[in-house]
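Chemist: Hey, dropping protein_6.pdb in here, PDB, C-alpha atoms and all ligand atoms:
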ATOM      1  CA  MET B   1    -135.130  13.111-263.922
ATOM      2  CA  LYS B   2    -136.018  14.353-267.392
ATOM      3  CA  LYS B   3    -135.387  18.067-267.738
ATOM      4  CA  PRO B   4    -138.897  19.033-269.028
ATOM      5  CA  ILE B   5    -140.576  17.491-265.968
ATOM      6  CA  LYS B   6    -138.173  19.210-263.621
ATOM      7  CA  THR B   7    -138.808  22.574-265.338
ATOM      8  CA  LEU B   8    -142.588  22.038-265.206
ATOM      9  CA  VAL B   9    -142.591  21.227-261.490
ATOM     10  CA  ILE B  10    -140.450  24.250-260.666
ATOM     11  CA  LEU B  11    -142.595  26.553-262.845
ATOM     12  CA  PHE B  12    -145.783  25.268-261.195
ATOM     13  CA  VAL B  13    -144.420  26.020-257.727
ATOM     14  CA  ILE B  14    -143.165  29.468-258.746
ATOM     15  CA  VAL B  15    -146.648  30.320-260.065
ATOM     16  CA  LEU B  16    -148.101  29.169-256.727
ATOM     17  CA  ILE B  17    -145.683  31.395-254.830
ATOM     18  CA  PHE B  18    -146.898  34.433-256.804
ATOM     19  CA  PHE B  19    -150.436  33.797-255.552
ATOM     20  CA  LYS B  20    -149.174  34.555-252.030
ATOM     21  CA  ILE B  21    -151.703  32.125-250.571
ATOM     22  CA  PRO B  22    -152.354  33.216-246.983
ATOM     23  CA  GLY B  23    -151.460  30.822-244.227
ATOM     24  CA  ASN B  24    -152.390  32.681-241.090
ATOM     25  CA  VAL B  25    -152.678  30.684-237.892
ATOM     26  CA  THR B  26    -155.314  31.666-235.331
ATOM     27  CA  PRO B  27    -153.618  32.761-232.106
ATOM     28  CA  SER B  28    -153.884  30.414-229.150
ATOM     29  CA  GLU B  29    -156.645  31.205-226.648
ATOM     30  CA  VAL B  30    -154.345  30.010-223.912
ATOM     31  CA  ILE B  31    -151.609  32.415-222.844
ATOM     32  CA  GLY B  32    -148.131  30.919-223.000
ATOM     33  CA  GLU B  33    -146.675  29.599-219.763
ATOM     34  CA  LYS B  34    -143.505  30.779-218.128
ATOM     35  CA  LEU B  35    -140.782  28.110-218.302
ATOM     36  CA  PRO B  36    -139.840  26.500-214.993
ATOM     37  CA  PRO B  37    -136.579  27.881-213.519
ATOM     38  CA  LEU B  38    -133.278  26.380-214.703
ATOM     39  CA  SER B  39    -132.314  23.319-212.714
ATOM     40  CA  SER B  40    -128.854  23.225-211.141
ATOM     41  CA  ASP B  41    -128.306  19.905-212.962
ATOM     42  CA  SER B  42    -128.118  21.848-216.239
ATOM     43  CA  LYS B  43    -124.347  22.030-215.652
ATOM     44  CA  ASP B  44    -124.243  18.301-216.541
ATOM     45  CA  VAL B  45    -125.756  18.780-219.995
ATOM     46  CA  SER B  46    -124.019  19.531-223.318
ATOM     47  CA  VAL B  47    -125.529  19.999-226.779
ATOM     48  CA  TYR B  48    -123.763  19.215-230.075
ATOM     49  CA  PHE B  49    -125.185  20.215-233.467
ATOM     50  CA  ILE B  50    -124.164  17.924-236.345
ATOM     51  CA  LYS B  51    -124.917  19.021-239.925
ATOM     52  CA  THR B  52    -125.138  16.337-242.600
ATOM     53  CA  ALA B  53    -126.416  18.366-245.553
ATOM     54  CA  HIS B  54    -127.691  21.756-246.534
ATOM     55  CA  VAL B  55    -129.397  23.443-249.440
ATOM     56  CA  LYS B  56    -130.346  26.979-250.322
ATOM     57  CA  THR B  57    -133.962  27.648-251.196
ATOM     58  CA  LEU B  58    -136.419  30.542-251.309
ATOM     59  CA  ASP B  59    -137.877  31.906-248.091
ATOM     60  CA  ALA B  60    -141.266  31.754-249.860
ATOM     61  CA  LEU B  61    -141.021  27.955-250.130
ATOM     62  CA  THR B  62    -140.714  27.509-246.369
ATOM     63  CA  VAL B  63    -143.297  29.883-244.884
ATOM     64  CA  ALA B  64    -146.664  31.209-246.081
ATOM     65  CA  GLN B  65    -146.295  34.588-247.798
ATOM     66  CA  GLY B  66    -142.538  34.426-247.320
ATOM     67  CA  SER B  67    -140.192  36.581-249.365
ATOM     68  CA  LEU B  68    -139.515  35.742-252.993
ATOM     69  CA  PHE B  69    -136.264  37.651-252.843
ATOM     70  CA  ASN B  70    -134.713  36.287-249.653
ATOM     71  CA  SER B  71    -133.002  32.948-249.666
ATOM     72  CA  PHE B  72    -133.363  30.448-246.853
ATOM     73  CA  GLU B  73    -130.646  28.013-245.815
ATOM     74  CA  ILE B  74    -132.055  24.556-245.099
ATOM     75  CA  VAL B  75    -129.984  22.279-242.875
ATOM     76  CA  HIS B  76    -130.340  18.517-242.382
ATOM     77  CA  GLY B  77    -128.752  16.943-239.351
ATOM     78  CA  GLY B  78    -129.084  15.712-235.805
ATOM     79  CA  ILE B  79    -128.423  16.833-232.242
ATOM     80  CA  LEU B  80    -126.269  14.957-229.737
ATOM     81  CA  ILE B  81    -127.221  15.430-226.101
ATOM     82  CA  GLN B  82    -124.835  14.465-223.324
ATOM     83  CA  HIS B  83    -126.089  14.211-219.742
ATOM     84  CA  LEU B  84    -123.198  13.106-217.506
ATOM     85  CA  ASP B  85    -122.211   9.710-219.012
ATOM     86  CA  ASP B  86    -125.389   9.262-220.988
ATOM     87  CA  VAL B  87    -125.429  10.309-224.642
ATOM     88  CA  PHE B  88    -128.254  10.110-227.148
ATOM     89  CA  LEU B  89    -128.912  11.356-230.657
ATOM     90  CA  PHE B  90    -132.022  13.359-231.592
ATOM     91  CA  ASP B  91    -132.698  12.775-235.317
ATOM     92  CA  THR B  92    -130.240  11.197-237.712
ATOM     93  CA  GLY B  93    -130.096  13.665-240.621
ATOM     94  CA  LEU B  94    -129.072  12.359-244.029
ATOM     95  CA  GLY B  95    -127.178   9.112-243.609
ATOM     96  CA  ASN B  96    -124.604   7.128-245.578
ATOM     97  CA  LYS B  97    -127.270   5.619-247.858
ATOM     98  CA  ILE B  98    -129.286   8.778-248.570
ATOM     99  CA  ASP B  99    -128.646   8.892-252.333
ATOM    100  CA  LYS B 100    -129.916   5.348-252.837
ATOM    101  CA  GLN B 101    -132.881   5.896-250.485
ATOM    102  CA  PHE B 102    -133.824   9.137-252.257
ATOM    103  CA  ASP B 103    -133.515   7.567-255.663
ATOM    104  CA  GLU B 104    -135.655   4.559-254.717
ATOM    105  CA  ASP B 105    -138.410   6.170-252.652
ATOM    106  CA  MET B 106    -138.808   9.884-253.401
ATOM    107  CA  PRO B 107    -141.662  10.339-255.922
ATOM    108  CA  PHE B 108    -140.239  11.633-259.233
ATOM    109  CA  TRP B 109    -142.349  14.807-259.188
ATOM    110  CA  LEU B 110    -140.957  15.856-255.806
ATOM    111  CA  LYS B 111    -137.315  15.192-256.568
ATOM    112  CA  PRO B 112    -136.680  18.679-258.033
ATOM    113  CA  LEU B 113    -137.984  20.315-254.850
ATOM    114  CA  MET B 114    -136.365  18.057-252.267
ATOM    115  CA  GLY B 115    -132.752  18.185-253.395
ATOM    116  CA  TYR B 116    -129.835  18.458-250.953
ATOM    117  CA  GLU B 117    -126.115  19.030-250.952
ATOM    118  CA  LYS B 118    -124.694  16.133-249.052
ATOM    119  CA  GLY B 119    -121.962  16.473-246.475
ATOM    120  CA  GLU B 120    -120.669  13.811-244.093
ATOM    121  CA  SER B 121    -123.153  11.597-242.265
ATOM    122  CA  ILE B 122    -123.451  11.688-238.483
ATOM    123  CA  VAL B 123    -121.877   8.248-238.059
ATOM    124  CA  GLU B 124    -118.861   9.344-240.136
ATOM    125  CA  GLN B 125    -118.434  12.549-238.142
ATOM    126  CA  ILE B 126    -118.784  10.850-234.754
ATOM    127  CA  ASN B 127    -116.266   8.158-235.672
ATOM    128  CA  LYS B 128    -113.593  10.507-236.911
ATOM    129  CA  ASN B 129    -114.113  13.513-234.652
ATOM    130  CA  GLN B 130    -113.099  13.135-231.020
ATOM    131  CA  ILE B 131    -115.229  16.138-230.018
ATOM    132  CA  PHE B 132    -118.411  14.132-230.420
ATOM    133  CA  PRO B 133    -119.327  11.550-227.751
ATOM    134  CA  GLN B 134    -120.750   8.184-228.891
ATOM    135  CA  PRO B 135    -124.550   7.955-228.545
ATOM    136  CA  ASN B 136    -126.139   4.880-226.979
ATOM    137  CA  ARG B 137    -129.662   5.338-228.412
ATOM    138  CA  ILE B 138    -131.601   7.489-230.863
ATOM    139  CA  TYR B 139    -134.849   9.453-230.558
ATOM    140  CA  LEU B 140    -136.591  10.816-233.652
ATOM    141  CA  SER B 141    -138.441  14.140-233.714
ATOM    142  CA  HIS B 142    -140.510  12.263-236.324
ATOM    143  CA  ALA B 143    -139.897   9.610-238.939
ATOM    144  CA  HIS B 144    -139.881  11.588-242.190
ATOM    145  CA  TRP B 145    -137.167  10.596-244.675
ATOM    146  CA  ASP B 146    -134.826  13.486-243.879
ATOM    147  CA  HIS B 147    -134.779  12.630-240.154
ATOM    148  CA  ALA B 148    -134.727   8.836-240.412
ATOM    149  CA  SER B 149    -132.164   8.395-243.182
ATOM    150  CA  GLY B 150    -129.285   7.671-240.795
ATOM    151  CA  ILE B 151    -131.096   5.023-238.710
ATOM    152  CA  VAL B 152    -129.527   2.215-240.724
ATOM    153  CA  ASP B 153    -126.049   3.614-239.989
ATOM    154  CA  PHE B 154    -126.524   2.697-236.301
ATOM    155  CA  PRO B 155    -127.612  -0.981-236.332
ATOM    156  CA  ASP B 156    -126.702  -1.489-232.656
ATOM    157  CA  LEU B 157    -128.748   1.376-231.210
ATOM    158  CA  ASP B 158    -132.400   1.444-230.147
ATOM    159  CA  ILE B 159    -134.520   3.809-232.240
ATOM    160  CA  ILE B 160    -137.113   5.307-229.928
ATOM    161  CA  VAL B 161    -140.431   6.936-230.941
ATOM    162  CA  PRO B 162    -143.896   7.327-229.367
ATOM    163  CA  ALA B 163    -146.428   4.561-230.179
ATOM    164  CA  LYS B 164    -148.359   6.934-232.467
ATOM    165  CA  GLU B 165    -145.261   7.462-234.611
ATOM    166  CA  MET B 166    -144.604   3.725-234.711
ATOM    167  CA  ASN B 167    -148.087   3.255-236.234
ATOM    168  CA  PHE B 168    -147.367   6.012-238.730
ATOM    169  CA  ILE B 169    -144.113   4.287-239.692
ATOM    170  CA  LYS B 170    -145.867   0.952-240.177
ATOM    171  CA  THR B 171    -148.607   2.397-242.407
ATOM    172  CA  GLY B 172    -146.756   5.343-243.975
ATOM    173  CA  LYS B 173    -145.674   5.590-247.606
ATOM    174  CA  PRO B 174    -143.413   7.919-249.602
ATOM    175  CA  PRO B 175    -142.925  10.825-249.596
ATOM    176  CA  SER B 176    -143.484  10.713-245.795
ATOM    177  CA  ILE B 177    -141.980   7.376-244.908
ATOM    178  CA  PHE B 178    -139.312   5.666-246.981
ATOM    179  CA  PRO B 179    -139.465   1.836-246.892
ATOM    180  CA  SER B 180    -135.756   1.793-247.729
ATOM    181  CA  GLN B 181    -135.087   3.500-244.375
ATOM    182  CA  VAL B 182    -137.473   1.770-241.976
ATOM    183  CA  ASN B 183    -138.258  -1.709-243.309
ATOM    184  CA  SER B 184    -135.076  -3.510-242.275
ATOM    185  CA  LYS B 185    -135.732  -6.284-239.768
ATOM    186  CA  GLU B 186    -132.458  -5.347-238.065
ATOM    187  CA  ILE B 187    -133.772  -2.013-236.743
ATOM    188  CA  LYS B 188    -134.275  -2.097-232.969
ATOM    189  CA  TRP B 189    -137.468  -0.040-232.648
ATOM    190  CA  LYS B 190    -138.614   0.911-229.171
ATOM    191  CA  GLU B 191    -141.641   2.905-228.067
ATOM    192  CA  PHE B 192    -141.868   5.430-225.266
ATOM    193  CA  THR B 193    -144.855   6.885-223.451
ATOM    194  CA  PHE B 194    -145.467  10.437-222.289
ATOM    195  CA  ASN B 195    -146.738  11.247-218.815
ATOM    196  CA  ASN B 196    -149.879  13.342-218.643
ATOM    197  CA  GLU B 197    -147.922  16.094-216.942
ATOM    198  CA  ASN B 198    -147.955  19.647-218.185
ATOM    199  CA  TYR B 199    -144.635  21.212-219.159
ATOM    200  CA  ALA B 200    -144.610  24.818-220.396
ATOM    201  CA  GLY B 201    -148.204  24.477-221.630
ATOM    202  CA  PHE B 202    -147.763  21.093-223.341
ATOM    203  CA  ASP B 203    -149.986  18.548-221.664
ATOM    204  CA  LYS B 204    -147.978  15.459-222.585
ATOM    205  CA  SER B 205    -144.359  15.441-221.490
ATOM    206  CA  LEU B 206    -141.491  13.222-220.422
ATOM    207  CA  ASP B 207    -138.786  14.565-218.130
ATOM    208  CA  LEU B 208    -136.067  12.214-219.348
ATOM    209  CA  TYR B 209    -133.731  12.377-216.345
ATOM    210  CA  GLY B 210    -136.253  13.607-213.774
ATOM    211  CA  ASP B 211    -134.156  16.753-213.214
ATOM    212  CA  GLY B 212    -135.762  19.151-215.717
ATOM    213  CA  THR B 213    -132.739  19.272-218.014
ATOM    214  CA  VAL B 214    -134.168  17.365-221.000
ATOM    215  CA  VAL B 215    -137.919  17.260-221.471
ATOM    216  CA  PHE B 216    -139.780  15.741-224.426
ATOM    217  CA  VAL B 217    -143.258  17.035-225.283
ATOM    218  CA  SER B 218    -145.809  15.854-227.815
ATOM    219  CA  LEU B 219    -146.059  18.054-230.917
ATOM    220  CA  SER B 220    -148.566  15.793-232.672
ATOM    221  CA  GLY B 221    -149.714  17.355-235.949
ATOM    222  CA  HIS B 222    -146.921  17.447-238.528
ATOM    223  CA  THR B 223    -146.884  13.679-237.974
ATOM    224  CA  PRO B 224    -148.983  11.830-235.368
ATOM    225  CA  GLY B 225    -146.021  11.126-233.105
ATOM    226  CA  SER B 226    -143.951  14.278-233.625
ATOM    227  CA  ILE B 227    -142.042  15.293-230.527
ATOM    228  CA  GLY B 228    -140.245  18.406-229.336
ATOM    229  CA  MET B 229    -137.304  18.525-226.934
ATOM    230  CA  PHE B 230    -136.561  21.206-224.346
ATOM    231  CA  VAL B 231    -132.895  21.236-223.353
ATOM    232  CA  ASN B 232    -131.551  23.280-220.466
ATOM    233  CA  ALA B 233    -127.790  22.968-220.889
ATOM    234  CA  ALA B 234    -124.636  24.090-219.106
ATOM    235  CA  ASP B 235    -124.298  27.239-221.238
ATOM    236  CA  GLY B 236    -127.530  28.521-219.675
ATOM    237  CA  VAL B 237    -129.340  28.740-223.024
ATOM    238  CA  ARG B 238    -132.941  27.521-222.948
ATOM    239  CA  ARG B 239    -133.436  25.581-226.169
ATOM    240  CA  PHE B 240    -136.559  24.029-227.650
ATOM    241  CA  PHE B 241    -136.016  21.713-230.628
ATOM    242  CA  VAL B 242    -139.343  21.595-232.454
ATOM    243  CA  GLY B 243    -138.584  19.200-235.342
ATOM    244  CA  ASP B 244    -140.661  20.114-238.399
ATOM    245  CA  ALA B 245    -143.644  21.659-236.584
ATOM    246  CA  VAL B 246    -142.359  24.675-238.516
ATOM    247  CA  TRP B 247    -139.517  24.900-241.027
ATOM    248  CA  ASN B 248    -138.778  28.576-240.610
ATOM    249  CA  LEU B 249    -138.707  30.404-237.262
ATOM    250  CA  GLU B 250    -140.710  33.185-238.984
ATOM    251  CA  SER B 251    -143.706  30.810-238.791
ATOM    252  CA  VAL B 252    -143.567  31.026-235.003
ATOM    253  CA  LYS B 253    -142.875  34.743-234.839
ATOM    254  CA  LYS B 254    -145.541  35.748-237.391
ATOM    255  CA  LEU B 255    -148.087  32.961-236.800
ATOM    256  CA  LYS B 256    -147.802  31.532-240.313
ATOM    257  CA  ARG B 257    -148.059  28.025-241.700
ATOM    258  CA  LYS B 258    -145.541  26.545-244.066
ATOM    259  CA  PHE B 259    -145.904  27.495-247.736
ATOM    260  CA  TRP B 260    -149.302  26.135-248.882
ATOM    261  CA  PHE B 261    -147.935  23.577-251.350
ATOM    262  CA  SER B 262    -145.341  22.263-248.903
ATOM    263  CA  SER B 263    -147.765  22.065-245.988
ATOM    264  CA  ASN B 264    -150.212  20.024-248.073
ATOM    265  CA  ILE B 265    -147.531  17.487-248.770
ATOM    266  CA  VAL B 266    -145.815  17.230-245.400
ATOM    267  CA  ASP B 267    -148.271  18.169-242.619
ATOM    268  CA  ASN B 268    -150.252  15.077-241.684
ATOM    269  CA  ASN B 269    -152.897  17.034-239.725
ATOM    270  CA  LYS B 270    -153.007  20.726-240.618
ATOM    271  CA  ASN B 271    -155.402  21.742-237.809
ATOM    272  CA  GLU B 272    -153.226  20.142-235.158
ATOM    273  CA  THR B 273    -150.106  21.652-236.736
ATOM    274  CA  ASP B 274    -151.780  25.093-236.552
ATOM    275  CA  LYS B 275    -152.485  24.572-232.849
ATOM    276  CA  ILE B 276    -148.829  23.730-232.228
ATOM    277  CA  ILE B 277    -147.665  26.859-234.105
ATOM    278  CA  ALA B 278    -150.061  28.975-232.009
ATOM    279  CA  LYS B 279    -148.703  27.368-228.833
ATOM    280  CA  LEU B 280    -145.103  27.997-229.864
ATOM    281  CA  HIS B 281    -145.946  31.629-230.603
ATOM    282  CA  ALA B 282    -147.581  32.088-227.191
ATOM    283  CA  LEU B 283    -144.665  30.354-225.466
ATOM    284  CA  LEU B 284    -142.125  32.618-227.177
ATOM    285  CA  GLN B 285    -144.093  35.722-226.207
ATOM    286  CA  LYS B 286    -143.999  34.665-222.576
ATOM    287  CA  ASN B 287    -140.344  33.507-222.723
ATOM    288  CA  PRO B 288    -138.510  35.744-225.213
ATOM    289  CA  GLU B 289    -135.175  34.274-224.104
ATOM    290  CA  LEU B 290    -136.215  30.792-225.317
ATOM    291  CA  LYS B 291    -134.379  29.627-228.439
ATOM    292  CA  ILE B 292    -136.883  27.795-230.622
ATOM    293  CA  ILE B 293    -134.961  25.631-233.074
ATOM    294  CA  PRO B 294    -136.797  24.216-236.117
ATOM    295  CA  ALA B 295    -134.921  21.169-237.454
ATOM    296  CA  HIS B 296    -134.203  22.793-240.845
ATOM    297  CA  ASP B 297    -133.716  26.478-240.016
ATOM    298  CA  LEU B 298    -129.933  26.905-240.151
ATOM    299  CA  SER B 299    -130.187  30.481-238.820
ATOM    300  CA  THR B 300    -131.306  29.021-235.452
ATOM    301  CA  TRP B 301    -128.460  26.468-235.304
ATOM    302  CA  LYS B 302    -126.101  28.617-233.310
TER     303      LYS B 302
HETATM  304 ZN    ZN A 401    -137.712  17.487-242.084
END
Since I need it in another form, could you write the structure as structure tokens?
Ligand SMILES: [Zn+2]
Modeler:
Amino acid sequence: MKKPIKTLVILFVIVLIFFKIPGNVTPSEVIGEKLPPLSSDSKDVSVYFIKTAHVKTLDALTVAQGSLFNSFEIVHGGILIQHLDDVFLFDTGLGNKIDKQFDEDMPFWLKPLMGYEKGESIVEQINKNQIFPQPNRIYLSHAHWDHASGIVDFPDLDIIVPAKEMNFIKTGKPPSIFPSQVNSKEIKWKEFTFNNENYAGFDKSLDLYGDGTVVFVSLSGHTPGSIGMFVNAADGVRRFFVGDAVWNLESVKKLKRKFWFSSNIVDNNKNETDKIIAKLHALLQKNPELKIIPAHDLSTWK
């Protein structure tokens, strides 16, 4: 990109940050629910975090009224879940072809803000590192470019999303959906359906193994078919992977949206996204031991 354009875009965003545009979320009227007790089958579940890229940015770019002086470490990656012999991947991070995909499909004016420092892709790390088990299918928290980039690295695996996300993929355009990532005829898309059963205050859920260890819930808002994943693993930690419902855990703690400019670009339905943030806040108040893990907040990846 030409340097003057890059400088202009960055200056424009810095000016916006100085306005400290409020992004308060109205608290949920419903009190958060207590999580169901840990199932004894949790001993069969392991969680592996795989980083594919990272980049340092300003706290103020990730959360409304965030600090201009604190930096925020963005991570891109995916989570491997092993349940006995079954292994799946949740999100694909930045894949082998990310540079080409980014170059082709990211609008020029967003390129200065969406940069990344690339590491190894998930497929590379799984193939060379014996610690990681091989996944047999992939679920996406949602289909944005930074979660779907690695799909094409796994041509043999089913890529599974709710029907609402499939529609979004079919009709979506950059910067949300990158044709270079999702248009290949080779991709084995599959849809899944939630049950109308409440889990921890979320009215649409899917208990993947029927034993309460891995439970998907609908987090529709950031994208129509965004999903969250509760994992109750052998280490006894209660984790809730919330995709990009928020970028920064501070959003949940302080009831704040993303930074105004960012939210306008990435949140498909801001009202619904607000409701999810309010729900997450209420849930955390009721279950302070719960580890809420936004897909990009490296400080929560521990
Ligand atoms: Zn993302």
Chemist: Residues near Leu94 in chain B, anyone? I mean within 7 Å using all atoms listed in the file, not counting same-chain ones fewer than 2 positions away, as a PyMOL selection string.
Modeler: chain B and resi 52-53+76-77+92+98+121+146-147+149-150
Chemist: Between B:Asn271, B:Asn136, B:Thr26, B:Ser176, which is the closest to ligand ZN 401 (chain A) once you count all atoms listed in the file?
Modeler: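 Distance minimum relative to ligand ZN 401 (chain A) lands on B:Ser176.
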Chemist: Please give me, as a list in words, the residues lying within 10 Å of ligand ZN 401 (chain A) when counting all atoms listed in the file.
Modeler: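 The residues within 10 Å of ligand ZN 401 (chain A), counting all atoms listed in the file, are Ile74, Val75, His76, Gly77, Asp91, Gly93, Ser141, His142, Ala143, His144, Trp145, Asp146, His147, Ala148, Ser176, His222, Gly243, Asp244, Ala245, Val246, Trp247, Val266, Pro294, Ala295 and His296 of chain B.
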Chemist: Would you mind reading off the distance between CA of Ser67 in chain B and CA of Phe102 in chain B, one decimal, in Å?
Modeler: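 Calculated distance between CA of Ser67 in chain B and CA of Phe102 in chain B is 28.3 Å.
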Chemist: Between B:Gly201, B:Thr57, B:Ile126, B:Lys34, which is the closest to Phe69 in chain B once you count only C-alpha atoms?
Modeler: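 Among B:Gly201, B:Thr57, B:Ile126, B:Lys34, it is B:Thr57 that comes nearest to Phe69 in chain B.
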Chemist: Please determine the residues with any atom at most 7 Å from (-142.8, 28.2, -221.3) (coordinates as given in the file, with only C-alpha atoms counting) and report them as a list in words.
Modeler: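 The residues that fall inside the cut-off are Gly32, Glu33, Lys34, Leu35, Ala200, Gly201, Leu283, Lys286 and Asn287 of chain B.
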